[in-house]
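Colleague: Dropping in model09.tsv, with TSV, C-alpha atoms and all ligand atoms.
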```
chain	number	residue	atom	x	y	z
A	1393	MET	CA	79.91	107.96	80.72
A	1394	LYS	CA	79.58	104.28	79.89
A	1395	GLY	CA	81.09	101.56	82.08
A	1396	TYR	CA	80.95	97.79	82.04
A	1397	ALA	CA	79.66	96.74	85.45
A	1398	MET	CA	78.88	93.87	87.72
A	1399	LEU	CA	75.11	94.31	88.14
A	1400	LYS	CA	75.09	91.58	90.80
A	1401	ILE	CA	76.92	88.29	91.32
A	1402	GLY	CA	76.76	86.44	88.00
A	1403	GLU	CA	75.29	89.35	85.97
A	1404	SER	CA	77.10	92.08	84.07
A	1405	GLY	CA	76.45	94.71	81.42
A	1406	TRP	CA	77.03	98.28	80.25
A	1407	ILE	CA	75.63	101.04	82.47
A	1408	GLU	CA	75.66	104.85	82.52
A	1409	LYS	CA	77.38	106.67	85.38
A	1410	GLU	CA	78.57	110.19	86.18
A	1411	VAL	CA	82.22	110.91	85.33
A	1412	PRO	CA	84.05	110.58	88.71
A	1413	LYS	CA	85.03	113.77	90.57
A	1414	CYS	CA	88.71	114.65	90.84
A	1415	GLY	CA	89.96	115.49	94.36
A	1416	PRO	CA	93.01	117.74	94.89
A	1417	MET	CA	95.52	114.84	94.87
A	1418	ASP	CA	93.70	112.69	92.30
A	1419	ALA	CA	93.62	112.14	88.56
A	1420	ILE	CA	90.86	111.21	86.14
A	1421	CYS	CA	92.02	108.98	83.31
A	1422	LYS	CA	90.66	107.36	80.17
A	1423	PRO	CA	91.94	103.88	79.29
A	1424	LEU	CA	94.14	103.35	76.23
A	1425	ALA	CA	93.85	99.57	76.60
A	1426	VAL	CA	92.41	97.28	79.27
A	1427	ALA	CA	93.23	93.67	80.18
A	1428	ILE	CA	90.92	91.10	81.71
A	1429	CYS	CA	92.11	89.37	84.89
A	1430	THR	CA	91.24	86.07	86.53
A	1431	SER	CA	90.19	88.27	89.48
A	1432	ASP	CA	87.45	89.88	87.33
A	1433	VAL	CA	86.09	86.37	86.82
A	1434	HIS	CA	86.34	85.61	90.58
A	1435	THR	CA	84.62	88.93	91.39
A	1436	LEU	CA	81.78	88.67	88.91
A	1437	TRP	CA	80.93	84.99	88.78
A	1438	GLU	CA	82.19	83.68	92.12
A	1439	GLY	CA	81.28	86.66	94.31
A	1440	ALA	CA	84.87	86.78	95.57
A	1441	VAL	CA	84.62	90.27	97.10
A	1442	GLY	CA	80.97	89.78	98.07
A	1443	GLU	CA	77.81	91.14	96.49
A	1444	ARG	CA	78.22	94.36	94.49
A	1445	HIS	CA	75.59	96.30	92.55
A	1446	ASN	CA	76.47	98.34	89.47
A	1447	LEU	CA	80.17	98.29	90.29
A	1448	ILE	CA	82.32	98.96	87.22
A	1449	LEU	CA	84.76	96.07	86.73
A	1450	GLY	CA	88.43	95.99	85.75
A	1451	HIS	CA	91.77	96.93	87.33
A	1452	GLU	CA	94.31	96.36	84.56
A	1453	CYS	CA	94.95	99.11	82.01
A	1454	CYS	CA	97.17	101.89	80.78
A	1455	ALA	CA	95.61	105.29	80.31
A	1456	GLU	CA	95.74	108.95	79.35
A	1457	ILE	CA	95.17	111.58	82.01
A	1458	THR	CA	92.18	113.83	81.35
A	1459	GLU	CA	92.12	115.83	84.61
A	1460	VAL	CA	94.46	116.37	87.57
A	1461	GLY	CA	93.79	117.79	91.03
A	1462	SER	CA	95.29	121.12	92.15
A	1463	LEU	CA	97.91	119.45	94.41
A	1464	VAL	CA	99.20	116.94	91.83
A	1465	LYS	CA	102.83	117.87	91.10
A	1466	ASP	CA	104.25	115.43	88.59
A	1467	PHE	CA	101.47	114.63	86.12
A	1468	LYS	CA	99.44	116.73	83.71
A	1469	VAL	CA	96.51	116.35	81.35
A	1470	GLY	CA	97.54	114.35	78.27
A	1471	ASP	CA	100.21	112.27	80.03
A	1472	ARG	CA	100.12	108.57	79.16
A	1473	VAL	CA	100.48	106.48	82.28
A	1474	LEU	CA	100.94	102.99	83.70
A	1475	VAL	CA	98.14	102.25	86.16
A	1476	PRO	CA	98.75	99.75	88.97
A	1477	ALA	CA	95.90	97.48	90.02
A	1478	ILE	CA	96.60	98.36	93.66
A	1479	THR	CA	96.43	102.08	94.54
A	1480	PRO	CA	97.31	102.59	98.22
A	1481	ASP	CA	97.03	105.76	100.28
A	1482	TRP	CA	100.71	106.60	100.58
A	1483	ASN	CA	100.35	108.86	103.58
A	1484	SER	CA	98.81	106.09	105.70
A	1485	LEU	CA	100.43	104.40	108.69
A	1486	ALA	CA	100.18	101.05	106.89
A	1487	ALA	CA	102.28	102.47	104.04
A	1488	GLN	CA	104.78	103.90	106.54
A	1489	ALA	CA	105.02	100.44	108.08
A	1490	GLY	CA	105.93	99.01	104.65
A	1491	TYR	CA	102.51	97.53	103.94
A	1492	SER	CA	101.00	100.03	101.53
A	1493	MET	CA	98.68	97.40	100.08
A	1494	HIS	CA	96.88	97.21	103.44
A	1495	SER	CA	96.32	100.97	103.79
A	1496	GLY	CA	92.71	101.45	104.90
A	1497	GLY	CA	92.50	97.90	106.32
A	1498	MET	CA	93.58	94.47	105.15
A	1499	LEU	CA	93.77	94.44	101.32
A	1500	GLY	CA	92.51	98.06	101.38
A	1501	GLY	CA	94.91	99.13	98.62
A	1502	TRP	CA	92.83	97.05	96.22
A	1503	LYS	CA	90.26	99.68	95.34
A	1504	PHE	CA	89.42	99.25	91.64
A	1505	SER	CA	86.40	97.01	91.15
A	1506	ASN	CA	86.36	96.26	94.86
A	1507	PHE	CA	85.53	99.43	96.87
A	1508	LYS	CA	85.16	101.76	93.91
A	1509	ASP	CA	84.52	101.68	90.18
A	1510	GLY	CA	87.18	100.03	88.07
A	1511	VAL	CA	88.76	100.79	84.73
A	1512	PHE	CA	86.32	99.17	82.23
A	1513	SER	CA	84.92	102.63	81.72
A	1514	GLU	CA	85.30	105.71	79.55
A	1515	PHE	CA	86.83	107.49	82.56
A	1516	PHE	CA	88.09	106.31	85.94
A	1517	HIS	CA	89.43	107.86	89.15
A	1518	VAL	CA	92.95	107.40	90.62
A	1519	ASN	CA	93.61	108.43	94.23
A	1520	ASP	CA	97.02	109.87	95.14
A	1521	ALA	CA	98.11	110.33	91.52
A	1522	ASP	CA	101.71	111.30	92.38
A	1523	GLY	CA	102.09	108.19	94.55
A	1524	ASN	CA	100.38	105.70	92.29
A	1525	LEU	CA	100.80	106.53	88.60
A	1526	ALA	CA	103.95	106.26	86.48
A	1527	LEU	CA	104.65	107.69	83.03
A	1528	LEU	CA	104.24	105.11	80.28
A	1529	PRO	CA	107.63	104.74	78.53
A	1530	ALA	CA	107.22	105.68	74.85
A	1531	ASN	CA	108.58	102.36	73.56
A	1532	ILE	CA	106.05	100.20	75.44
A	1533	ASP	CA	102.90	99.67	73.40
A	1534	VAL	CA	99.51	99.93	75.06
A	1535	VAL	CA	98.88	96.16	75.01
A	1536	ASN	CA	102.14	95.28	76.77
A	1537	ALA	CA	101.66	98.20	79.17
A	1538	CYS	CA	98.54	96.48	80.56
A	1539	MET	CA	100.71	93.60	81.80
A	1540	LEU	CA	102.42	96.07	84.13
A	1541	SER	CA	99.20	96.76	86.06
A	1542	ASP	CA	99.02	93.42	87.84
A	1543	MET	CA	100.67	90.42	86.15
A	1544	VAL	CA	104.25	91.70	86.31
A	1545	PRO	CA	104.07	93.26	89.80
A	1546	THR	CA	102.21	90.29	91.30
A	1547	GLY	CA	104.44	87.61	89.78
A	1548	PHE	CA	107.52	89.56	90.85
A	1549	HIS	CA	106.11	90.10	94.34
A	1550	GLY	CA	105.72	86.33	94.71
A	1551	VAL	CA	109.47	86.07	94.18
A	1552	GLU	CA	110.09	88.82	96.73
A	1553	LEU	CA	107.87	87.00	99.24
A	1554	ALA	CA	109.78	83.75	98.64
A	1555	ASP	CA	113.04	85.72	98.95
A	1556	VAL	CA	114.72	84.03	95.98
A	1557	GLN	CA	118.53	84.33	96.11
A	1558	PHE	CA	121.43	83.50	93.75
A	1559	GLY	CA	121.70	79.76	93.21
A	1560	ASP	CA	118.35	78.83	94.75
A	1561	SER	CA	116.30	75.96	93.41
A	1562	VAL	CA	112.78	77.30	92.90
A	1563	LEU	CA	109.39	75.75	92.35
A	1564	VAL	CA	106.61	77.82	90.74
A	1565	VAL	CA	103.14	76.32	91.20
A	1566	GLY	CA	100.77	77.52	88.46
A	1567	ILE	CA	102.03	79.04	85.23
A	1568	GLY	CA	99.19	81.28	84.21
A	1569	PRO	CA	100.32	84.88	83.55
A	1570	VAL	CA	101.19	85.55	87.21
A	1571	GLY	CA	103.21	82.34	87.58
A	1572	LEU	CA	104.98	83.06	84.29
A	1573	MET	CA	106.11	86.40	85.68
A	1574	SER	CA	107.30	84.60	88.82
A	1575	VAL	CA	109.39	82.31	86.62
A	1576	ALA	CA	110.87	85.36	84.87
A	1577	ALA	CA	111.57	87.12	88.18
A	1578	ALA	CA	113.12	84.01	89.79
A	1579	SER	CA	115.39	83.70	86.80
A	1580	MET	CA	116.41	87.37	87.05
A	1581	ARG	CA	117.17	86.90	90.74
A	1582	GLY	CA	119.65	84.16	89.92
A	1583	ALA	CA	117.77	80.91	90.56
A	1584	SER	CA	119.94	77.96	89.54
A	1585	ARG	CA	117.06	75.65	88.75
A	1586	ILE	CA	113.38	76.41	88.17
A	1587	LEU	CA	110.72	73.72	88.32
A	1588	ALA	CA	107.23	74.71	87.21
A	1589	VAL	CA	103.85	73.09	87.77
A	1590	GLY	CA	101.60	73.45	84.72
A	1591	THR	CA	100.23	71.58	81.75
A	1592	ARG	CA	99.02	73.92	79.02
A	1593	PRO	CA	101.40	73.80	76.02
A	1594	ASN	CA	101.49	77.57	75.38
A	1595	CYS	CA	102.16	78.27	79.07
A	1596	ILE	CA	104.93	75.66	79.08
A	1597	ALA	CA	106.45	77.25	75.96
A	1598	ALA	CA	106.33	80.71	77.59
A	1599	ALA	CA	107.71	79.38	80.89
A	1600	LYS	CA	110.69	77.83	79.05
A	1601	LYS	CA	111.35	81.18	77.44
A	1602	TYR	CA	111.29	82.84	80.88
A	1603	GLY	CA	113.73	80.32	82.34
A	1604	ALA	CA	111.85	77.25	83.64
A	1605	ASP	CA	113.94	74.08	83.34
A	1606	GLU	CA	111.56	71.25	84.18
A	1607	PHE	CA	107.80	70.77	84.29
A	1608	ILE	CA	105.47	68.88	86.55
A	1609	SER	CA	101.83	68.12	85.89
A	1610	TYR	CA	99.53	68.33	88.90
A	1611	LYS	CA	97.41	65.83	86.98
A	1612	ASN	CA	100.17	63.15	87.24
A	1613	GLY	CA	100.18	62.67	91.01
A	1614	THR	CA	101.10	64.89	93.91
A	1615	ILE	CA	103.38	67.87	93.41
A	1616	GLU	CA	105.53	66.86	96.38
A	1617	ASP	CA	106.15	63.31	95.09
A	1618	GLN	CA	107.26	64.66	91.74
A	1619	VAL	CA	109.44	67.43	93.17
A	1620	LEU	CA	111.09	65.09	95.66
A	1621	ALA	CA	111.74	62.56	92.87
A	1622	LEU	CA	113.42	65.27	90.76
A	1623	THR	CA	115.55	66.53	93.66
A	1624	ASN	CA	116.82	63.26	95.15
A	1625	GLY	CA	114.43	63.64	98.04
A	1626	GLN	CA	115.91	67.03	99.02
A	1627	GLY	CA	113.13	69.39	97.90
A	1628	VAL	CA	113.62	72.99	96.79
A	1629	ASP	CA	114.87	76.18	98.46
A	1630	LYS	CA	112.00	78.49	97.52
A	1631	ILE	CA	108.42	78.09	96.28
A	1632	ILE	CA	106.04	80.56	94.66
A	1633	LEU	CA	102.34	79.66	94.73
A	1634	ALA	CA	100.51	81.23	91.78
A	1635	GLY	CA	97.77	78.70	91.05
A	1636	GLY	CA	95.76	75.83	92.48
A	1637	GLY	CA	93.81	75.81	95.75
A	1638	ASN	CA	94.41	75.52	99.49
A	1639	GLU	CA	95.91	72.07	99.05
A	1640	THR	CA	99.00	73.54	97.37
A	1641	PHE	CA	100.27	74.71	100.81
A	1642	GLU	CA	100.41	71.16	102.04
A	1643	SER	CA	102.35	70.07	98.95
A	1644	ALA	CA	104.65	73.09	99.19
A	1645	VAL	CA	105.57	72.48	102.83
A	1646	LYS	CA	106.29	68.84	102.01
A	1647	CYS	CA	108.75	69.60	99.22
A	1648	LEU	CA	110.44	72.67	100.76
A	1649	LYS	CA	113.86	72.32	102.38
A	1650	PRO	CA	114.24	73.32	106.04
A	1651	GLY	CA	115.03	77.04	106.02
A	1652	GLY	CA	113.07	77.43	102.80
A	1653	LYS	CA	110.45	80.06	102.05
A	1654	ILE	CA	107.06	79.98	100.37
A	1655	GLY	CA	105.69	83.11	98.69
A	1656	ASN	CA	101.97	82.90	97.97
A	1657	VAL	CA	100.23	85.35	95.63
A	1658	ASN	CA	97.44	82.95	94.79
A	1659	TYR	CA	93.90	84.00	95.67
A	1660	LEU	CA	92.37	81.39	97.98
A	1661	GLY	CA	88.73	81.43	97.02
A	1662	SER	CA	87.11	78.76	99.16
A	1663	GLY	CA	87.35	76.65	102.29
A	1664	ASP	CA	87.89	77.88	105.86
A	1665	TYR	CA	91.42	76.68	106.58
A	1666	VAL	CA	94.78	76.09	104.97
A	1667	GLN	CA	96.27	72.84	106.30
A	1668	ILE	CA	99.94	72.82	107.22
A	1669	PRO	CA	101.35	69.27	107.56
A	1670	ARG	CA	102.71	69.00	111.10
A	1671	ALA	CA	105.55	66.51	110.59
A	1672	GLU	CA	106.88	68.04	107.36
A	1673	TRP	CA	106.73	71.47	108.98
A	1674	GLY	CA	109.39	70.16	111.29
A	1675	VAL	CA	106.83	69.54	114.08
A	1676	GLY	CA	106.69	73.32	114.28
A	1677	MET	CA	110.45	73.83	114.18
A	1678	GLY	CA	111.44	73.36	110.53
A	1679	HIS	CA	112.18	77.00	109.67
A	1680	LYS	CA	109.84	76.73	106.72
A	1681	MET	CA	108.44	80.22	106.28
A	1682	ILE	CA	105.06	80.85	104.65
A	1683	ASN	CA	104.41	84.34	103.38
A	1684	GLY	CA	101.37	85.51	101.41
A	1685	GLY	CA	100.74	88.95	100.02
A	1686	LEU	CA	98.91	91.36	97.79
A	1687	MET	CA	101.19	93.26	95.47
A	1688	PRO	CA	102.25	96.63	96.92
A	1689	GLY	CA	101.55	99.02	94.01
A	1690	GLY	CA	103.18	102.46	93.93
A	1691	ARG	CA	104.87	104.71	91.43
A	1692	LEU	CA	108.47	103.75	92.19
A	1693	ARG	CA	107.70	100.06	91.68
A	1694	MET	CA	105.79	100.81	88.47
A	1695	GLU	CA	108.67	102.92	87.15
A	1696	LYS	CA	111.20	100.21	87.95
A	1697	LEU	CA	109.16	97.37	86.49
A	1698	GLY	CA	108.32	99.56	83.49
A	1699	SER	CA	112.03	100.15	82.93
A	1700	LEU	CA	112.61	96.38	82.83
A	1701	VAL	CA	110.16	96.21	79.93
A	1702	SER	CA	111.33	99.35	78.14
A	1703	SER	CA	114.98	98.27	78.35
A	1704	GLY	CA	114.10	94.95	76.72
A	1705	ARG	CA	115.18	92.85	79.72
A	1706	LEU	CA	111.63	91.63	80.27
A	1707	ASP	CA	109.50	90.70	77.25
A	1708	VAL	CA	105.87	90.61	78.33
A	1709	SER	CA	104.47	90.04	74.84
A	1710	PRO	CA	104.04	86.24	75.27
A	1711	LEU	CA	101.44	86.91	77.97
A	1712	THR	CA	98.87	88.47	75.63
A	1713	THR	CA	97.36	85.81	73.40
A	1714	HIS	CA	94.14	87.59	72.36
A	1715	VAL	CA	93.86	91.26	71.33
A	1716	PHE	CA	90.49	92.88	70.58
A	1717	ASP	CA	89.81	96.34	69.14
A	1718	GLY	CA	87.30	98.62	70.83
A	1719	TRP	CA	84.88	98.60	73.79
A	1720	ASP	CA	82.37	96.59	71.72
A	1721	HIS	CA	84.57	93.53	72.28
A	1722	LEU	CA	85.03	93.93	76.04
A	1723	GLU	CA	82.28	91.50	76.96
A	1724	GLU	CA	83.62	88.92	74.51
A	1725	ALA	CA	87.08	89.24	76.07
A	1726	LEU	CA	85.66	88.92	79.61
A	1727	PHE	CA	83.63	85.83	78.72
A	1728	LEU	CA	86.71	84.35	77.04
A	1729	MET	CA	88.61	84.75	80.33
A	1730	ARG	CA	85.78	82.98	82.14
A	1731	ASP	CA	85.72	80.09	79.65
A	1732	LYS	CA	89.54	79.87	79.45
A	1733	PRO	CA	90.17	78.07	76.15
A	1734	ALA	CA	93.46	76.15	76.27
A	1735	ASP	CA	95.30	78.69	74.08
A	1736	LEU	CA	94.36	81.71	76.24
A	1737	ILE	CA	96.78	83.45	78.56
A	1738	LYS	CA	95.56	87.09	78.66
A	1739	PRO	CA	92.95	88.92	76.58
A	1740	VAL	CA	93.49	92.64	76.04
A	1741	VAL	CA	91.08	95.20	74.56
A	1742	LYS	CA	92.83	98.01	72.70
A	1743	LEU	CA	91.11	101.41	72.69
A	1744	ALA	CA	93.81	103.62	71.17
A	1745	ASP	CA	97.36	103.31	69.82
B	1	LIG	P1	95.31	81.81	86.06
B	1	LIG	O1	94.04	81.17	86.50
B	1	LIG	O2	95.41	82.26	84.65
B	1	LIG	O3	96.55	80.82	86.33
B	1	LIG	C1	96.58	79.87	87.35
B	1	LIG	C2	97.15	78.60	86.74
B	1	LIG	O4	97.22	77.59	87.76
B	1	LIG	C3	96.26	78.03	85.65
B	1	LIG	O5	97.08	77.85	84.50
B	1	LIG	C4	95.77	76.70	86.20
B	1	LIG	O6	95.67	75.72	85.21
B	1	LIG	C5	96.86	76.36	87.18
B	1	LIG	N1	96.44	75.41	88.22
B	1	LIG	C6	95.19	75.08	88.60
B	1	LIG	N2	95.23	74.16	89.59
B	1	LIG	C7	96.53	73.93	89.85
B	1	LIG	C8	97.22	73.11	90.78
B	1	LIG	N3	96.56	72.33	91.64
B	1	LIG	N4	98.54	73.16	90.77
B	1	LIG	C9	99.22	73.97	89.94
B	1	LIG	N5	98.63	74.78	89.03
B	1	LIG	C10	97.29	74.76	89.00
B	1	LIG	O7	95.56	83.00	87.07
B	1	LIG	P2	96.66	84.17	87.07
B	1	LIG	O8	96.10	85.37	86.43
B	1	LIG	O9	97.97	83.64	86.62
B	1	LIG	O10	96.69	84.45	88.63
B	1	LIG	C11	97.17	83.48	89.54
B	1	LIG	C12	96.55	83.71	90.91
B	1	LIG	O11	97.02	84.96	91.43
B	1	LIG	C13	95.04	83.81	90.90
B	1	LIG	O12	94.54	83.15	92.04
B	1	LIG	C14	94.78	85.29	91.01
B	1	LIG	O13	93.52	85.58	91.58
B	1	LIG	C15	95.91	85.69	91.92
B	1	LIG	N6	96.30	87.12	91.90
B	1	LIG	C16	96.83	87.63	93.02
B	1	LIG	C17	97.25	88.95	93.06
B	1	LIG	C18	97.97	89.49	94.27
B	1	LIG	O14	98.24	90.69	94.34
B	1	LIG	N7	98.33	88.65	95.23
B	1	LIG	C19	97.11	89.74	91.93
B	1	LIG	C20	96.58	89.19	90.77
B	1	LIG	C21	96.18	87.87	90.76
B	2	ZN	ZN	94.48	91.51	87.82
```
Let me see the structure of the file written as structure tokens.
Modeller:
Amino acid sequence: MKGYAMLKIGESGWIEKEVPKCGPMDAICKPLAVAICTSDVHTLWEGAVGERHNLILGHECCAEITEVGSLVKDFKVGDRVLVPAITPDWNSLAAQAGYSMHSGGMLGGWKFSNFKDGVFSEFFHVNDADGNLALLPANIDVVNACMLSDMVPTGFHGVELADVQFGDSVLVVGIGPVGLMSVAAASMRGASRILAVGTRPNCIAAAKKYGADEFISYKNGTIEDQVLALTNGQGVDKIILAGGGNETFESAVKCLKPGGKIGNVNYLGSGDYVQIPRAEWGVGMGHKMINGGLMPGGRLRMEKLGSLVSSGRLDVSPLTTHVFDGWDHLEEALFLMRDKPADLIKPVVKLAD
């Protein structure tokens, strides 16, 4: 089979590999559509997960099952499925402890294009098919279905980590596709006011649609100064970090109310430490909680998030700005994600209807 791989840090191309073997609890799938993620860019060009040779890239797709293992109960060949980016081992102690995403070690649930070949391939392997896959609802098209692999679950998990409650004032830092889904989720959870940090016009337009009320540009001074000015010096109840670098923690702690919570889903790609400002953290006693996490994955979550899209309560279509037809355009879509033109949110490559 053909797969589009990281040959080494900074170099990629099509390679030939054997079709993966299907274990008794596994499934083999072929993608119906694939989406490119910022993480693919971090992995390939920034060496985010370290050096990899001939590792097939990609972790966002929807797919058709081509083979199932003998112990798989709920899926069969021909089923169209949602595929989560994170595919934990559900019978692990980490999963029993409520941290499925860390089964097999910290961040161990992130297997595609990290520990094993990803989904930019004619066929790919899914461990624990009953635990990880979900049927693709018939009224979700293959392009929108790709947003359910990572963008929806990650953005929503940021809101879970920040523990957004009815009436909360919420700040979302970064309104790329993940941050946009955090805006949508905060709104669904009953936030009374949503401030968003971002500058690109199409992201601002989408964020308004998802429920953001006011916008801050990180290019116009510090985030904390602007948030404090907009909130009479009070700050906000909850903050989701979905963009920027390590410095966003410092800003977030400074404009979070005592008792507030920060949910980080942002990937911190450089530097050795995250600085927490001592005084604004209540000299260690401010009850300002900082929580960071990888999205959990899992079939139940995929089914529930899928039902939000199929019921029409969550419209993910504004996330996909560029749609390509066929594998021949995969590289173009990947390079587009690297170069990030101002009008890009997500590129998707469609392989079937
Ligand atoms: P993205 O790069 O498309 O969006 C990030 C946005 O943040 C961009 O619009 C950028 O302009 C903006 N930004 C840059 N600097 C900023 C600053 N100082 N303040 C505020 N905004 C700033 O990425 P994305 O796909 O939306 O993903 C967001 C982050 O989530 C990435 O770091 C990604 O690697 C990470 N991620 C985490 C998980 C997880 O499970 N935790 C899953 C997927 C992605
Ligand atoms: Zn992703």
Colleague: Counting all atoms listed in the file, what are the residues of chain A within 8 Å of ligand LIG 1 (chain B), and for each of them which pair of atoms is the nearest and at what distance in Å, to one decimal? Sort the table by chain and rising number, as a tab-separated table.
Modeller:
```
residue	atom	partner	partner_atom	distance
A:Cys1429	CA	B:LIG1	O8	5.9
A:Thr1430	CA	B:LIG1	O8	4.9
A:Ser1431	CA	B:LIG1	O13	4.8
A:His1434	CA	B:LIG1	O13	7.2
A:Ile1478	CA	B:LIG1	O14	7.9
A:Asp1542	CA	B:LIG1	C20	5.7
A:Met1543	CA	B:LIG1	C20	6.3
A:Pro1545	CA	B:LIG1	O14	7.8
A:Thr1546	CA	B:LIG1	O14	5.0
A:Gly1547	CA	B:LIG1	C19	7.9
A:His1549	CA	B:LIG1	O14	7.9
A:Gly1550	CA	B:LIG1	N7	7.8
A:Val1565	CA	B:LIG1	C9	4.7
A:Gly1566	CA	B:LIG1	N5	3.5
A:Ile1567	CA	B:LIG1	C2	5.1
A:Gly1568	CA	B:LIG1	O3	3.4
A:Pro1569	CA	B:LIG1	O9	4.1
A:Val1570	CA	B:LIG1	O9	3.8
A:Gly1571	CA	B:LIG1	O9	5.5
A:Leu1572	CA	B:LIG1	O9	7.4
A:Val1589	CA	B:LIG1	C9	5.2
A:Gly1590	CA	B:LIG1	N5	5.4
A:Thr1591	CA	B:LIG1	O6	7.1
A:Arg1592	CA	B:LIG1	O5	7.0
A:Cys1595	CA	B:LIG1	O5	7.4
A:Ser1609	CA	B:LIG1	C9	7.6
A:Tyr1610	CA	B:LIG1	N4	5.3
A:Ile1615	CA	B:LIG1	N4	7.6
A:Ala1634	CA	B:LIG1	C11	4.6
A:Gly1635	CA	B:LIG1	O4	3.5
A:Gly1636	CA	B:LIG1	C7	3.3
A:Gly1637	CA	B:LIG1	N3	6.0
A:Glu1639	CA	B:LIG1	N3	7.4
A:Thr1640	CA	B:LIG1	N3	6.3
A:Asn1656	CA	B:LIG1	N7	7.3
A:Val1657	CA	B:LIG1	N7	3.8
A:Asn1658	CA	B:LIG1	O11	3.9
A:Tyr1659	CA	B:LIG1	O12	3.8
A:Leu1660	CA	B:LIG1	O12	6.6
A:Gly1661	CA	B:LIG1	O12	7.8
A:Gly1684	CA	B:LIG1	N7	7.6
A:Gly1685	CA	B:LIG1	N7	5.4
A:Leu1686	CA	B:LIG1	O14	3.6
A:Met1687	CA	B:LIG1	O14	4.1
A:Pro1688	CA	B:LIG1	O14	7.6
A:Ile1737	CA	B:LIG1	O2	6.4
A:Lys1738	CA	B:LIG1	O2	7.7
```
Colleague: Looking at A:Glu1452, A:Glu1724, A:Asp1418, A:Asp1717, which one is nearest to ligand ZN 2 (chain B), with distances taken over all atoms listed in the file?
Modeller: A:Glu1452
Colleague: For a quick check of understanding, using all atoms listed in the file, which of A:Ser1579, A:Gln1618, A:Asn1506, A:Thr1458 has the smallest distance to ligand ZN 2 (chain B)?
Modeller: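 Among the listed residues, A:Asn1506 lies closest to ligand ZN 2 (chain B).
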Colleague: Interatomic distance between CA of Ile1401 in chain A and CA of Gly1501 in chain A?
Modeller: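 Straight-line distance from CA of Ile1401 in chain A to CA of Gly1501 in chain A works out to 22.2 Å.
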Colleague: Expressed in Å to a single decimal, how great is the separation between CA of Glu1459 in chain A and CA of Leu1525 in chain A?
Modeller: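 Interatomic distance here is 13.3 Å.
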Colleague: In Å, how far is it from CA of Asp1629 in chain A to CA of Ile1668 in chain A?
Modeller: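 Atom-to-atom, CA of Asp1629 in chain A to CA of Ile1668 in chain A, that is 17.6 Å.
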Colleague: Reconstruct N, CA and C atoms of range 1571-1583 of chain A; output as a PDB file, keeping the file's coordinate frame.
Modeller:
```pdb
ATOM      1  N   GLY A1571     102.127  83.313  87.383  1.00  0.00           N
ATOM      2  CA  GLY A1571     103.210  82.340  87.580  1.00  0.00           C
ATOM      3  C   GLY A1571     104.314  82.503  86.551  1.00  0.00           C
ATOM      4  N   LEU A1572     103.942  82.842  85.323  1.00  0.00           N
ATOM      5  CA  LEU A1572     104.980  83.060  84.290  1.00  0.00           C
ATOM      6  C   LEU A1572     105.884  84.216  84.675  1.00  0.00           C
ATOM      7  N   MET A1573     105.279  85.265  85.251  1.00  0.00           N
ATOM      8  CA  MET A1573     106.110  86.400  85.680  1.00  0.00           C
ATOM      9  C   MET A1573     106.942  86.035  86.912  1.00  0.00           C
ATOM     10  N   SER A1574     106.474  85.086  87.708  1.00  0.00           N
ATOM     11  CA  SER A1574     107.300  84.600  88.820  1.00  0.00           C
ATOM     12  C   SER A1574     108.493  83.811  88.288  1.00  0.00           C
ATOM     13  N   VAL A1575     108.273  83.037  87.233  1.00  0.00           N
ATOM     14  CA  VAL A1575     109.390  82.310  86.620  1.00  0.00           C
ATOM     15  C   VAL A1575     110.427  83.321  86.113  1.00  0.00           C
ATOM     16  N   ALA A1576     109.947  84.347  85.406  1.00  0.00           N
ATOM     17  CA  ALA A1576     110.870  85.360  84.870  1.00  0.00           C
ATOM     18  C   ALA A1576     111.640  86.053  85.993  1.00  0.00           C
ATOM     19  N   ALA A1577     110.937  86.397  87.075  1.00  0.00           N
ATOM     20  CA  ALA A1577     111.570  87.120  88.180  1.00  0.00           C
ATOM     21  C   ALA A1577     112.563  86.218  88.920  1.00  0.00           C
ATOM     22  N   ALA A1578     112.215  84.943  89.109  1.00  0.00           N
ATOM     23  CA  ALA A1578     113.120  84.010  89.790  1.00  0.00           C
ATOM     24  C   ALA A1578     114.402  83.862  88.977  1.00  0.00           C
ATOM     25  N   SER A1579     114.240  83.807  87.678  1.00  0.00           N
ATOM     26  CA  SER A1579     115.390  83.700  86.800  1.00  0.00           C
ATOM     27  C   SER A1579     116.272  84.945  86.907  1.00  0.00           C
ATOM     28  N   MET A1580     115.649  86.122  86.912  1.00  0.00           N
ATOM     29  CA  MET A1580     116.410  87.370  87.050  1.00  0.00           C
ATOM     30  C   MET A1580     117.138  87.456  88.383  1.00  0.00           C
ATOM     31  N   ARG A1581     116.551  86.864  89.408  1.00  0.00           N
ATOM     32  CA  ARG A1581     117.170  86.900  90.740  1.00  0.00           C
ATOM     33  C   ARG A1581     118.247  85.844  90.920  1.00  0.00           C
ATOM     34  N   GLY A1582     118.508  85.063  89.868  1.00  0.00           N
ATOM     35  CA  GLY A1582     119.650  84.160  89.920  1.00  0.00           C
ATOM     36  C   GLY A1582     119.347  82.747  90.371  1.00  0.00           C
ATOM     37  N   ALA A1583     118.083  82.306  90.224  1.00  0.00           N
ATOM     38  CA  ALA A1583     117.770  80.910  90.560  1.00  0.00           C
ATOM     39  C   ALA A1583     118.636  79.985  89.705  1.00  0.00           C
TER      40      ALA A1583
END
```
